[in-house]
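Structure data follow from query05.cif (mmCIF, C-alpha atoms and all ligand atoms):
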```cif
data_upload
loop_
_atom_site.label_atom_id
_atom_site.label_comp_id
_atom_site.auth_asym_id
_atom_site.auth_seq_id
_atom_site.Cartn_x
_atom_site.Cartn_y
_atom_site.Cartn_z
CA MET A 278 0.00 0.00 0.00
CA ALA A 279 1.48 3.37 -1.01
CA TYR A 280 2.13 5.75 1.87
CA ARG A 281 -0.71 7.80 3.25
CA ALA A 282 -1.39 9.04 6.76
CA LEU A 283 -4.05 6.76 8.25
CA SER A 284 -7.30 7.88 9.82
CA GLU A 285 -8.52 6.28 13.07
CA GLN A 286 -10.79 3.95 11.10
CA GLU A 287 -8.11 3.02 8.57
CA ALA A 288 -5.81 2.10 11.46
CA VAL A 289 -8.52 -0.35 12.65
CA GLN A 290 -8.82 -1.88 9.17
CA TYR A 291 -5.05 -2.16 9.00
CA VAL A 292 -4.59 -4.12 12.23
CA LYS A 293 -7.56 -6.38 11.43
CA GLN A 294 -5.86 -7.76 8.36
CA LEU A 295 -2.70 -8.66 10.28
CA PRO A 296 -2.38 -12.29 11.35
CA ASP A 297 -2.50 -13.26 15.05
CA LEU A 298 -3.73 -9.98 16.52
CA PHE A 299 -7.53 -9.68 16.22
CA ALA A 300 -10.27 -11.80 14.65
CA PRO A 301 -11.71 -10.32 11.41
CA GLU A 302 -15.09 -9.84 13.12
CA ALA A 303 -13.59 -8.14 16.20
CA GLU A 304 -15.17 -4.82 17.19
CA LEU A 305 -12.37 -2.37 17.71
CA THR A 306 -12.21 1.24 18.91
CA SER A 307 -9.49 3.55 17.68
CA ARG A 308 -8.21 6.84 19.14
CA GLU A 309 -5.37 8.99 17.84
CA ILE A 310 -3.46 9.82 21.03
CA GLY A 311 -0.16 11.20 19.67
CA ASP A 312 1.00 14.10 21.83
CA GLY A 313 4.66 14.05 20.83
CA ASN A 314 6.43 16.31 18.39
CA LEU A 315 6.55 14.06 15.34
CA ASN A 316 4.10 11.18 14.75
CA LEU A 317 0.57 9.77 14.70
CA VAL A 318 -0.16 7.27 17.47
CA PHE A 319 -3.36 5.18 17.43
CA HIS A 320 -4.61 3.29 20.45
CA ILE A 321 -6.71 0.34 19.21
CA ARG A 322 -8.75 -1.74 21.61
CA GLU A 323 -11.21 -4.61 21.50
CA GLU A 324 -13.74 -3.85 24.23
CA ALA A 325 -14.98 -7.47 24.44
CA THR A 326 -11.57 -8.92 25.36
CA GLY A 327 -9.71 -5.85 26.62
CA LYS A 328 -6.94 -6.65 24.13
CA SER A 329 -5.20 -3.58 22.72
CA VAL A 330 -2.29 -2.53 20.52
CA VAL A 331 -0.60 0.72 19.55
CA VAL A 332 -0.05 1.73 15.93
CA LYS A 333 2.60 4.39 15.50
CA GLN A 334 2.89 6.00 12.08
CA ALA A 335 5.54 8.49 11.00
CA LEU A 336 4.29 11.57 9.15
CA PRO A 337 6.44 12.88 6.29
CA TYR A 338 6.97 16.06 8.31
CA ALA A 339 7.54 17.11 11.93
CA ARG A 340 4.09 17.32 13.51
CA VAL A 341 5.19 20.03 15.97
CA VAL A 342 5.89 22.48 13.12
CA GLY A 343 3.82 21.15 10.20
CA GLU A 344 4.39 20.34 6.53
CA SER A 345 6.97 23.09 6.16
CA TRP A 346 9.43 20.81 8.02
CA PRO A 347 9.73 17.63 5.92
CA LEU A 348 11.17 14.66 7.76
CA THR A 349 12.25 11.21 6.62
CA LEU A 350 9.82 8.30 7.00
CA ASP A 351 12.84 6.05 7.52
CA ARG A 352 12.64 6.99 11.19
CA ALA A 353 9.86 4.40 11.51
CA ARG A 354 12.32 1.68 10.42
CA ILE A 355 14.96 3.00 12.80
CA GLU A 356 12.43 2.97 15.64
CA SER A 357 11.07 -0.52 14.97
CA GLU A 358 14.56 -2.01 14.60
CA ALA A 359 15.84 -0.25 17.72
CA LEU A 360 12.81 -1.47 19.70
CA ARG A 361 13.48 -5.03 18.59
CA ILE A 362 17.15 -4.84 19.55
CA GLN A 363 16.44 -3.24 22.92
CA HIS A 364 13.66 -5.77 23.54
CA LYS A 365 16.15 -8.57 22.98
CA TYR A 366 18.34 -7.30 25.83
CA VAL A 367 15.68 -6.04 28.27
CA PRO A 368 12.35 -7.63 27.21
CA ASP A 369 10.45 -6.42 30.26
CA LEU A 370 11.47 -2.79 29.72
CA VAL A 371 10.59 -2.26 26.04
CA PRO A 372 7.27 -2.79 24.18
CA LYS A 373 7.19 -5.79 21.90
CA VAL A 374 6.99 -5.04 18.16
CA TYR A 375 4.29 -7.11 16.44
CA HIS A 376 4.65 -5.74 12.93
CA TYR A 377 6.51 -3.13 10.88
CA ASP A 378 5.34 -1.78 7.51
CA GLU A 379 7.99 0.00 5.51
CA GLU A 380 5.60 1.50 2.91
CA LEU A 381 3.27 3.00 5.48
CA ALA A 382 6.14 3.82 7.87
CA LEU A 383 4.23 2.28 10.75
CA THR A 384 4.88 -0.04 13.65
CA VAL A 385 2.30 -2.10 15.50
CA MET A 386 3.44 -2.73 19.05
CA GLU A 387 2.48 -3.76 22.54
CA ASP A 388 0.20 -1.28 24.28
CA VAL A 389 1.86 -0.05 27.47
CA SER A 390 -0.74 2.61 28.27
CA ASP A 391 -1.56 0.95 31.57
CA HIS A 392 1.55 2.93 32.58
CA VAL A 393 1.74 6.74 32.63
CA ILE A 394 4.20 9.00 30.87
CA MET A 395 6.87 9.69 33.47
CA ARG A 396 6.94 13.43 32.81
CA LYS A 397 3.23 13.59 33.71
CA GLY A 398 3.78 11.43 36.80
CA LEU A 399 6.59 13.68 38.02
CA ILE A 400 4.57 16.83 37.39
CA GLU A 401 1.83 15.30 39.55
CA GLY A 402 4.42 14.73 42.28
CA ASN A 403 4.40 10.92 42.16
CA ARG A 404 7.39 8.78 43.13
CA TYR A 405 8.74 5.72 41.35
CA PRO A 406 11.04 3.89 43.75
CA LEU A 407 11.94 1.14 41.25
CA PHE A 408 12.62 3.51 38.37
CA ALA A 409 16.37 3.98 38.92
CA LYS A 410 17.06 0.26 39.12
CA GLN A 411 15.09 -0.44 35.96
CA ILE A 412 16.32 2.46 33.83
CA GLY A 413 19.84 1.66 35.07
CA ARG A 414 19.41 -1.86 33.72
CA PHE A 415 17.95 -0.55 30.44
CA LEU A 416 20.94 1.75 29.99
CA ALA A 417 23.58 -0.77 31.06
CA HIS A 418 22.30 -3.66 28.94
CA THR A 419 21.28 -1.86 25.74
CA LEU A 420 24.45 0.22 25.70
CA PHE A 421 26.90 -2.50 26.72
CA TYR A 422 25.65 -5.18 24.32
CA THR A 423 25.62 -2.84 21.30
CA SER A 424 29.06 -1.36 22.06
CA ASP A 425 32.49 -2.63 21.02
CA LEU A 426 32.70 -4.11 24.51
CA GLY A 427 29.75 -6.45 24.18
CA ALA A 428 29.17 -6.95 20.45
CA HIS A 429 31.19 -8.92 17.90
CA PRO A 430 33.21 -6.39 15.83
CA TYR A 431 31.44 -7.38 12.59
CA ASP A 432 28.01 -7.14 14.18
CA LYS A 433 28.80 -3.76 15.69
CA LYS A 434 29.91 -2.32 12.37
CA ALA A 435 26.86 -3.73 10.59
CA LEU A 436 24.66 -2.09 13.21
CA VAL A 437 26.43 1.24 12.77
CA GLY A 438 25.45 1.05 9.09
CA ARG A 439 21.80 0.20 9.78
CA PHE A 440 21.49 3.06 12.22
CA ILE A 441 22.85 5.93 10.19
CA ASN A 442 20.07 8.35 11.06
CA PRO A 443 21.19 11.64 9.50
CA GLU A 444 17.96 13.63 9.57
CA LEU A 445 17.07 12.92 13.17
CA CYS A 446 20.67 13.38 14.27
CA LYS A 447 20.63 16.75 12.51
CA ILE A 448 17.60 17.78 14.60
CA THR A 449 19.60 17.02 17.74
CA GLU A 450 22.72 18.68 16.36
CA ASP A 451 20.69 21.84 15.74
CA LEU A 452 18.20 21.86 18.61
CA VAL A 453 20.43 20.53 21.41
CA PHE A 454 23.91 21.65 20.40
CA THR A 455 23.64 24.75 18.19
CA ASP A 456 20.51 26.91 18.05
CA PRO A 457 19.97 27.57 21.77
CA TYR A 458 23.43 29.14 22.04
CA GLU A 459 22.87 31.81 19.41
CA ASP A 460 19.99 34.04 18.34
CA ALA A 461 18.42 31.36 16.10
CA PRO A 462 14.89 31.57 14.65
CA THR A 463 13.94 28.18 16.12
CA ASN A 464 14.43 29.45 19.69
CA ASN A 465 11.33 29.92 21.78
CA PHE A 466 11.87 31.23 25.29
CA ASN A 467 10.08 33.27 27.91
CA PRO A 468 10.88 36.97 27.20
CA LEU A 469 11.40 37.47 30.94
CA ILE A 470 14.64 35.45 30.81
CA LYS A 471 16.12 37.29 27.80
CA ARG A 472 19.00 38.73 29.88
CA GLU A 473 20.06 35.27 31.10
CA VAL A 474 19.76 33.80 27.60
CA GLU A 475 21.89 36.60 26.13
CA ALA A 476 24.52 35.94 28.80
CA ILE A 477 24.66 32.35 27.54
CA TRP A 478 25.01 33.52 23.93
CA ASN A 479 27.98 35.65 25.06
CA ASN A 480 29.67 33.05 27.28
CA LYS A 481 32.72 31.95 25.28
CA GLN A 482 33.88 29.31 27.77
CA LEU A 483 30.43 27.71 27.84
CA LYS A 484 30.19 27.71 24.04
CA LEU A 485 33.59 26.06 23.75
CA GLU A 486 32.53 23.26 26.11
CA ILE A 487 29.29 22.80 24.13
CA ALA A 488 31.26 22.69 20.86
CA GLN A 489 33.33 19.85 22.34
CA LEU A 490 30.21 17.99 23.44
CA LYS A 491 28.66 18.46 20.00
CA TYR A 492 31.80 17.08 18.40
CA ASP A 493 31.51 14.01 20.60
CA PHE A 494 27.89 13.61 19.52
CA LEU A 495 28.97 13.90 15.87
CA THR A 496 31.86 11.49 16.01
CA ARG A 497 31.79 9.03 18.92
CA ALA A 498 30.04 5.88 17.61
CA GLU A 499 30.16 4.14 20.97
CA ALA A 500 26.87 2.22 21.22
CA LEU A 501 23.35 2.10 19.79
CA ILE A 502 21.87 4.87 21.89
CA HIS A 503 18.17 5.64 22.27
CA GLY A 504 18.94 9.22 21.30
CA ASP A 505 15.92 10.94 22.91
CA LEU A 506 15.60 9.42 26.36
CA HIS A 507 13.62 12.16 28.08
CA THR A 508 10.81 11.49 30.56
CA GLY A 509 8.24 11.73 27.73
CA SER A 510 9.86 8.62 26.21
CA ILE A 511 9.47 6.64 29.43
CA PHE A 512 6.27 5.04 30.67
CA VAL A 513 6.16 4.19 34.37
CA SER A 514 3.94 2.42 36.87
CA PRO A 515 4.68 1.93 40.57
CA THR A 516 6.47 -1.31 39.69
CA SER A 517 7.44 -1.15 36.04
CA VAL A 518 9.21 0.92 33.38
CA LYS A 519 8.74 0.83 29.60
CA VAL A 520 11.03 2.79 27.30
CA ILE A 521 9.44 3.90 24.02
CA ASP A 522 10.17 6.11 21.01
CA PRO A 523 13.75 5.32 19.92
CA GLU A 524 13.36 7.00 16.52
CA PHE A 525 16.46 9.12 17.23
CA ALA A 526 18.54 5.96 17.75
CA TYR A 527 22.01 5.95 16.18
CA TYR A 528 25.55 4.99 17.12
CA GLY A 529 26.57 7.75 19.49
CA PRO A 530 28.08 8.50 22.88
CA ILE A 531 26.77 6.41 25.77
CA GLY A 532 26.70 9.43 28.08
CA PHE A 533 24.07 11.07 25.88
CA ASP A 534 21.32 8.66 27.03
CA ILE A 535 22.35 8.81 30.67
CA GLY A 536 22.55 12.61 30.47
CA ALA A 537 19.04 12.73 28.97
CA VAL A 538 17.54 10.93 31.97
CA ILE A 539 19.44 13.13 34.44
CA ALA A 540 18.49 16.31 32.55
CA ASN A 541 14.80 15.54 32.61
CA LEU A 542 14.81 14.73 36.34
CA LEU A 543 16.52 18.07 36.88
CA LEU A 544 14.10 19.96 34.63
CA ASN A 545 11.36 18.69 36.91
CA TYR A 546 13.52 19.71 39.91
CA ALA A 547 13.66 23.27 38.55
CA GLY A 548 9.94 23.18 37.69
CA GLN A 549 9.06 22.37 41.32
CA HIS A 550 9.50 26.09 41.94
CA GLY A 551 6.12 26.63 40.27
CA LEU A 552 4.63 23.13 40.42
CA GLN A 553 4.73 22.73 44.21
CA PRO A 554 3.69 25.82 46.19
CA ASP A 555 4.31 24.24 49.62
CA ALA A 556 8.00 24.89 50.38
CA GLY A 557 8.39 21.86 52.65
CA LYS A 558 6.86 19.46 50.16
CA ARG A 559 8.91 21.04 47.37
CA GLU A 560 12.18 20.44 49.21
CA ASP A 561 11.17 16.90 50.00
CA TYR A 562 10.31 16.14 46.38
CA ARG A 563 13.52 17.76 45.19
CA GLU A 564 15.48 15.50 47.52
CA TYR A 565 13.68 12.53 45.98
CA LEU A 566 14.63 13.73 42.48
CA LEU A 567 18.28 14.21 43.45
CA ALA A 568 18.41 10.78 45.09
CA THR A 569 16.96 9.39 41.84
CA VAL A 570 19.67 11.13 39.79
CA GLU A 571 22.32 9.51 42.00
CA ASP A 572 20.61 6.11 41.88
CA VAL A 573 20.27 6.19 38.07
CA TRP A 574 24.00 6.67 37.66
CA ASN A 575 24.90 4.23 40.45
CA GLU A 576 22.60 1.52 39.06
CA PHE A 577 23.83 2.06 35.54
CA VAL A 578 27.50 1.96 36.47
CA SER A 579 27.24 -1.06 38.75
CA GLN A 580 25.41 -3.12 36.12
CA PHE A 581 27.56 -1.87 33.23
CA VAL A 582 30.82 -2.69 35.03
CA GLN A 583 29.48 -6.11 36.02
CA LEU A 584 28.69 -6.83 32.37
CA TRP A 585 32.12 -5.54 31.43
CA HIS A 586 33.91 -7.94 33.80
CA LYS A 587 31.79 -10.94 32.88
CA GLN A 588 30.96 -10.42 29.22
CA ALA A 589 33.36 -8.01 27.51
CA LYS A 590 34.51 -9.69 24.28
CA GLU A 591 37.01 -7.00 23.36
CA ARG A 592 40.29 -8.25 24.84
CA SER A 593 41.78 -4.80 25.38
CA ALA A 594 38.84 -3.99 27.66
CA HIS A 595 40.42 -6.26 30.27
CA THR A 596 43.62 -4.21 30.40
CA GLU A 597 44.27 -3.12 33.98
CA GLY A 598 42.87 0.32 34.75
CA PHE A 599 40.93 0.65 31.50
CA TRP A 600 37.39 0.39 32.80
CA GLN A 601 37.96 2.92 35.57
CA GLY A 602 39.05 5.61 33.10
CA TYR A 603 36.17 4.74 30.77
CA VAL A 604 33.59 5.08 33.52
CA GLN A 605 35.08 8.38 34.67
CA ARG A 606 34.75 9.74 31.14
CA LEU A 607 31.15 8.48 30.95
CA ILE A 608 29.96 10.34 34.05
CA ARG A 609 31.59 13.53 32.77
CA ASP A 610 29.98 13.06 29.37
CA ALA A 611 26.64 12.44 31.07
CA ALA A 612 26.93 15.63 33.12
CA GLY A 613 27.83 17.71 30.06
CA PHE A 614 25.10 16.27 27.85
CA ALA A 615 22.59 16.70 30.68
CA GLY A 616 23.54 20.37 30.82
CA CYS A 617 22.96 20.84 27.06
CA LYS A 618 19.64 19.04 27.27
CA ILE A 619 18.49 21.28 30.09
CA LEU A 620 19.48 24.47 28.28
CA ARG A 621 17.79 23.42 25.02
CA ARG A 622 14.45 22.78 26.77
CA VAL A 623 14.47 26.29 28.24
CA ILE A 624 15.79 28.29 25.28
CA GLY A 625 15.08 26.24 22.16
CA LEU A 626 12.23 24.67 20.23
CA ALA A 627 10.24 21.96 22.02
CA GLY A 628 10.06 22.93 25.67
CA VAL A 629 8.84 20.66 28.46
CA ALA A 630 5.63 20.70 30.47
CA ASP A 631 7.61 20.59 33.75
CA LEU A 632 8.32 24.28 33.04
CA ASN A 633 5.73 25.27 30.44
CA SER A 634 2.78 24.23 32.60
CA ILE A 635 3.68 26.90 35.18
CA ALA A 636 0.96 29.42 34.36
CA ASP A 637 2.41 32.55 35.94
CA ASP A 638 5.11 34.03 33.65
CA GLN A 639 7.15 35.44 36.51
CA THR A 640 7.17 32.19 38.51
CA ARG A 641 7.98 30.23 35.34
CA ALA A 642 10.88 32.62 34.63
CA GLU A 643 12.29 31.93 38.11
CA ALA A 644 12.13 28.19 37.52
CA GLU A 645 13.69 28.62 34.08
CA ARG A 646 16.54 30.72 35.52
CA LEU A 647 17.27 27.92 37.96
CA ALA A 648 17.26 25.39 35.11
CA LEU A 649 19.64 27.58 33.08
CA ALA A 650 22.00 27.93 36.04
CA ILE A 651 22.00 24.17 36.66
CA GLY A 652 22.54 23.38 32.97
CA GLN A 653 25.48 25.77 32.67
CA ALA A 654 27.12 24.54 35.89
CA LEU A 655 26.88 20.91 34.75
CA ILE A 656 28.60 21.79 31.47
CA LEU A 657 31.29 24.01 32.96
CA GLU A 658 32.08 21.82 35.96
CA ARG A 659 31.71 18.40 34.35
CA ASN A 660 35.43 17.72 34.31
CA LYS A 661 35.52 17.76 38.10
CA VAL A 662 32.78 15.11 38.37
CA GLU A 663 33.90 11.72 39.71
CA VAL A 664 30.83 10.25 41.37
CA SER A 665 27.08 10.83 41.23
CA THR A 666 27.02 13.02 44.35
CA ASP A 667 29.31 15.47 42.54
CA ILE A 668 26.43 16.06 40.12
CA THR A 669 23.84 16.54 42.85
CA ASP A 670 26.26 18.75 44.82
CA ILE A 671 26.48 21.03 41.78
CA VAL A 672 22.68 21.22 41.69
CA ARG A 673 22.44 21.95 45.43
CA THR A 674 25.09 24.66 45.25
CA VAL A 675 23.41 26.37 42.30
CA THR A 676 20.01 26.19 44.00
CA ALA A 677 21.38 27.78 47.17
CA ARG A 678 22.86 30.77 45.28
C1 LIG A 701 11.16 18.71 15.86
S1 LIG A 701 11.40 17.51 17.02
C2 LIG A 701 11.71 18.32 18.51
C3 LIG A 701 12.17 17.43 19.59
O1 LIG A 701 11.23 16.41 19.84
C4 LIG A 701 11.88 15.18 20.06
O2 LIG A 701 11.37 14.53 21.17
C5 LIG A 701 13.36 15.50 20.17
O3 LIG A 701 13.75 15.76 21.50
C6 LIG A 701 13.46 16.69 19.31
O4 LIG A 701 14.60 17.46 19.55
MG MG A 702 9.85 11.11 20.75
#
```
Before anything else, please render the file you have as C-alpha cells.
Ligand code: SR1
Ligand code: MG
Amino acid sequence: MAYRALSEQEAVQYVKQLPDLFAPEAELTSREIGDGNLNLVFHIREEATGKSVVVKQALPYARVVGESWPLTLDRARIESEALRIQHKYVPDLVPKVYHYDEELALTVMEDVSDHVIMRKGLIEGNRYPLFAKQIGRFLAHTLFYTSDLGAHPYDKKALVGRFINPELCKITEDLVFTDPYEDAPTNNFNPLIKREVEAIWNNKQLKLEIAQLKYDFLTRAEALIHGDLHTGSIFVSPTSVKVIDPEFAYYGPIGFDIGAVIANLLLNYAGQHGLQPDAGKREDYREYLLATVEDVWNEFVSQFVQLWHKQAKERSAHTEGFWQGYVQRLIRDAAGFAGCKILRRVIGLAGVADLNSIADDQTRAEAERLALAIGQALILERNKVEVSTDITDIVRTVTAR
C-alpha cells in the first residue's frame, strides 16, 4: 500500500488484516493519542476482550511544526529495529513489536498505556522507587551489548550502518547543540529570561565546552543509543518501566542517554518552583529527584561494570585500569550532555511541560533561571565530576545561590 497518513478507522482496518492480533469480526475502537512532536499514534482496543495494541505512524513532516518541516519516513524503520534490539536485551522494559510496515512507515506494538508517561507522573508529584534500578538496567544492557565491549566487531559495524540516522541526528545537532546558544529563529523562550539567555550567547567558555560535546555527539560511535531518552519517552507504573520512542537511535556517545535521563529529572527539579507551592513538600520532592539522579547513575554503572567484567569480548577492555578511566569519562559526558539538554528545553524549540505548565510568567521565569543555572554549571564543571554526588552537589550549590 502506497504511503498515506491513516485515519482512526483506517488504522482499525489495518490491524484487522494482520495475522494473530484480532479476529476479522472483532469490534475495535481507535483513538489517535499522539501528543509528541513528530508522529501519529493510534490506540486500538477490543472492548470485548480488553486486548489492545498501539499503531505508531511516522508523518512525512515534523508534527510540531507542520508540513513546512519535511522529515524522513525512515525513522519508523529505525524505531522498529531499535525497539526489537532493545527488547532482545531487556524484554520487560521495552514494548514488543508485532509488525513493521515499511511503505506506510508504521509499527504495531504492545500497548503499554496501563503505565503513565513519566513526565506527567513527576509533574503530579508521584514517586517511582523502582525507576532507577530499571532504567539503570535498560541503559547498562542496551548500551553494553551494542558497544564494542559487548558486540562482535562485525556485528557492531553492521549495526552502525543500519542506524545511520542523518535527519534525526541533525535535529539534535541543531536543537540541542547549536541553536539555543545563538539568536536562532527556532528558539522559543520566555521573554522574561532574555537577559540570562543573552549571557549564555555571550559566554565563550560555555560555548567552547558545548562545541566539544557536540563534536563528541557527531563522532563518537560508541553504542546504539536511544537518542531521545527524556521522561516523555518513558512510561512508568509503581512497579514497572517501559522505554518507548527510539526513533532518534544511532551509534553515538553512551553518556548522551544517561545525560538525557538526568536532565529531565533536573528539569522537573527546577519546575518544582512553580509546580509545588508548599516549600516543605517542594524540598522533599527535590530531595527525591536528586536521590533518583544519584541512583540512576549508580545503578547504571554497577550493572555496566558487572557486564564488562563478565561479558566483555574485546580483549583490550580487560587491560588493567581501562574500565575505571572509561567510567570516569562516561559520568563527565553524562553531566555535560545533561547540561545541554536542560538548556535546550528552556531556550530552544520543544520545551517541556515541567516548566511550560507553570501558568504565571514570573514564577515560570524563576524556575527557568534555575534550570539555566544548573545546565550551565553541569557543562562548565563536568570535568571535576567523579561520582554521582558530585552532580547533585552542583545542583544543590546552584540552587542555594
Ligand atoms: C522537531 S522535534 C523536537 C524534539 O522532539 C523530540 O522529542 C526530540 O527531542 C526533538 O529534539
Ligand atoms: Mg519522541
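Across the model, the gap from CA of Phe454 in chain A to CA of Gln489 in chain A is 9.8 Å.
With distances taken over only C-alpha atoms and all ligand atoms, A:Gly313 is the one residue among A:Pro368, A:Pro554, A:Gly529, A:Gly313 lying closest to ligand LIG 701 (chain A).
In this comparison, which uses all atoms listed in the file, the residue of A:Ser307, A:Gln601, A:Asn541, A:Gln363 approaching ligand LIG 701 (chain A) most closely is A:Asn541.
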Nearest candidate to ligand MG 702 (chain A) (options A:Leu567, A:Leu416, A:Ile448, A:Ile608; using all atoms listed in the file): A:Ile448
Contact table chain A vs ligand MG 702 (chain A), cut-off 9 Å, shortest pair per residue, only C-alpha atoms and all ligand atoms, as CSV:
```
residue,atom,partner,partner_atom,distance
A:Gly313,CA,A:MG702,MG,6.0
A:Asn314,CA,A:MG702,MG,6.7
A:Leu315,CA,A:MG702,MG,7.0
A:Asn316,CA,A:MG702,MG,8.3
A:Asp505,CA,A:MG702,MG,6.4
A:Leu506,CA,A:MG702,MG,8.2
A:His507,CA,A:MG702,MG,8.3
A:Gly509,CA,A:MG702,MG,7.2
A:Ser510,CA,A:MG702,MG,6.0
A:Ile521,CA,A:MG702,MG,7.9
A:Asp522,CA,A:MG702,MG,5.0
A:Pro523,CA,A:MG702,MG,7.0
A:Glu524,CA,A:MG702,MG,6.9
A:Phe525,CA,A:MG702,MG,7.7
```
Can you report as JSON the centre and edge lengths in Å, to one decimal, of an axis-aligned box around the listed atoms of ligand LIG 701 (chain A) padded with 4 Å on each side?
```
{"center_x": 12.9, "center_y": 16.6, "center_z": 18.7, "size_x": 11.4, "size_y": 12.2, "size_z": 13.6}
```
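Minimum distance to Gly551 in chain A across A:Arg404, A:Arg609, A:Asp637, A:His503 (counting only C-alpha atoms) occurs at A:Asp637.
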Which of these residues is nearest to Arg641 in chain A, using all atoms listed in the file: A:His418, A:Leu348, A:Gln549, A:Tyr431? A:Gln549
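Residues near the point (11.8, 26.7, 46.1), at a distance of 12 Å or less over all atoms listed in the file, make up A:Tyr546, A:Ala547, A:Gly548, A:Gln549, A:His550, A:Gly551, A:Leu552, A:Gln553, A:Pro554, A:Asp555, A:Ala556, A:Gly557, A:Lys558, A:Arg559, A:Glu560, A:Asp561, A:Tyr562, A:Arg563, A:Glu564, A:Thr640, A:Arg641, A:Glu643, A:Ala644, A:Leu647, A:Arg673, A:Thr676, A:Ala677, A:Arg678.
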Which polymer residues have any atom within 6 Å of an atom of Gly652 in chain A, counting only C-alpha atoms, with same-chain residues fewer than 6 positions away left out, as a PyMOL selection string? chain A and resi 616+619-620
In terms of the shortest atom-to-atom distance over only C-alpha atoms and all ligand atoms, which of A:Asn464, A:Thr326, A:Thr306, A:Asn545 is closest to ligand LIG 701 (chain A)? A:Asn464
Reconstruct N, CA and C atoms of range 579-594 of chain A from the incomplete input and present them as a CSV table (one decimal), in the frame of the given file.
```csv
chain,number,residue,atom,x,y,z
A,579,SER,N,27.0,0.2,38.1
A,579,SER,CA,27.2,-1.1,38.8
A,579,SER,C,26.9,-2.2,37.8
A,580,GLN,N,25.8,-2.0,37.0
A,580,GLN,CA,25.4,-3.1,36.1
A,580,GLN,C,26.3,-3.1,34.9
A,581,PHE,N,26.7,-2.0,34.4
A,581,PHE,CA,27.6,-1.9,33.2
A,581,PHE,C,28.9,-2.5,33.5
A,582,VAL,N,29.5,-2.2,34.7
A,582,VAL,CA,30.8,-2.7,35.0
A,582,VAL,C,30.8,-4.2,35.3
A,583,GLN,N,29.6,-4.7,35.8
A,583,GLN,CA,29.5,-6.1,36.0
A,583,GLN,C,29.5,-6.8,34.7
A,584,LEU,N,28.7,-6.3,33.7
A,584,LEU,CA,28.7,-6.8,32.4
A,584,LEU,C,30.1,-6.8,31.8
A,585,TRP,N,30.7,-5.7,32.0
A,585,TRP,CA,32.1,-5.5,31.4
A,585,TRP,C,33.0,-6.7,31.9
A,586,HIS,N,33.0,-6.9,33.3
A,586,HIS,CA,33.9,-7.9,33.8
A,586,HIS,C,33.5,-9.3,33.3
A,587,LYS,N,32.2,-9.6,33.2
A,587,LYS,CA,31.8,-10.9,32.9
A,587,LYS,C,31.7,-11.2,31.4
A,588,GLN,N,31.4,-10.2,30.6
A,588,GLN,CA,31.0,-10.4,29.2
A,588,GLN,C,31.8,-9.7,28.2
A,589,ALA,N,32.7,-8.8,28.5
A,589,ALA,CA,33.4,-8.0,27.5
A,589,ALA,C,34.2,-8.9,26.6
A,590,LYS,N,33.8,-8.8,25.3
A,590,LYS,CA,34.5,-9.7,24.3
A,590,LYS,C,35.8,-9.0,23.8
A,591,GLU,N,35.8,-7.7,23.8
A,591,GLU,CA,37.0,-7.0,23.4
A,591,GLU,C,38.2,-7.2,24.4
A,592,ARG,N,39.3,-7.9,23.9
A,592,ARG,CA,40.3,-8.2,24.8
A,592,ARG,C,41.0,-7.1,25.5
A,593,SER,N,41.1,-6.0,24.8
A,593,SER,CA,41.8,-4.8,25.4
A,593,SER,C,41.0,-4.2,26.5
A,594,ALA,N,39.7,-4.5,26.6
A,594,ALA,CA,38.8,-4.0,27.7
A,594,ALA,C,39.3,-4.5,29.0
```
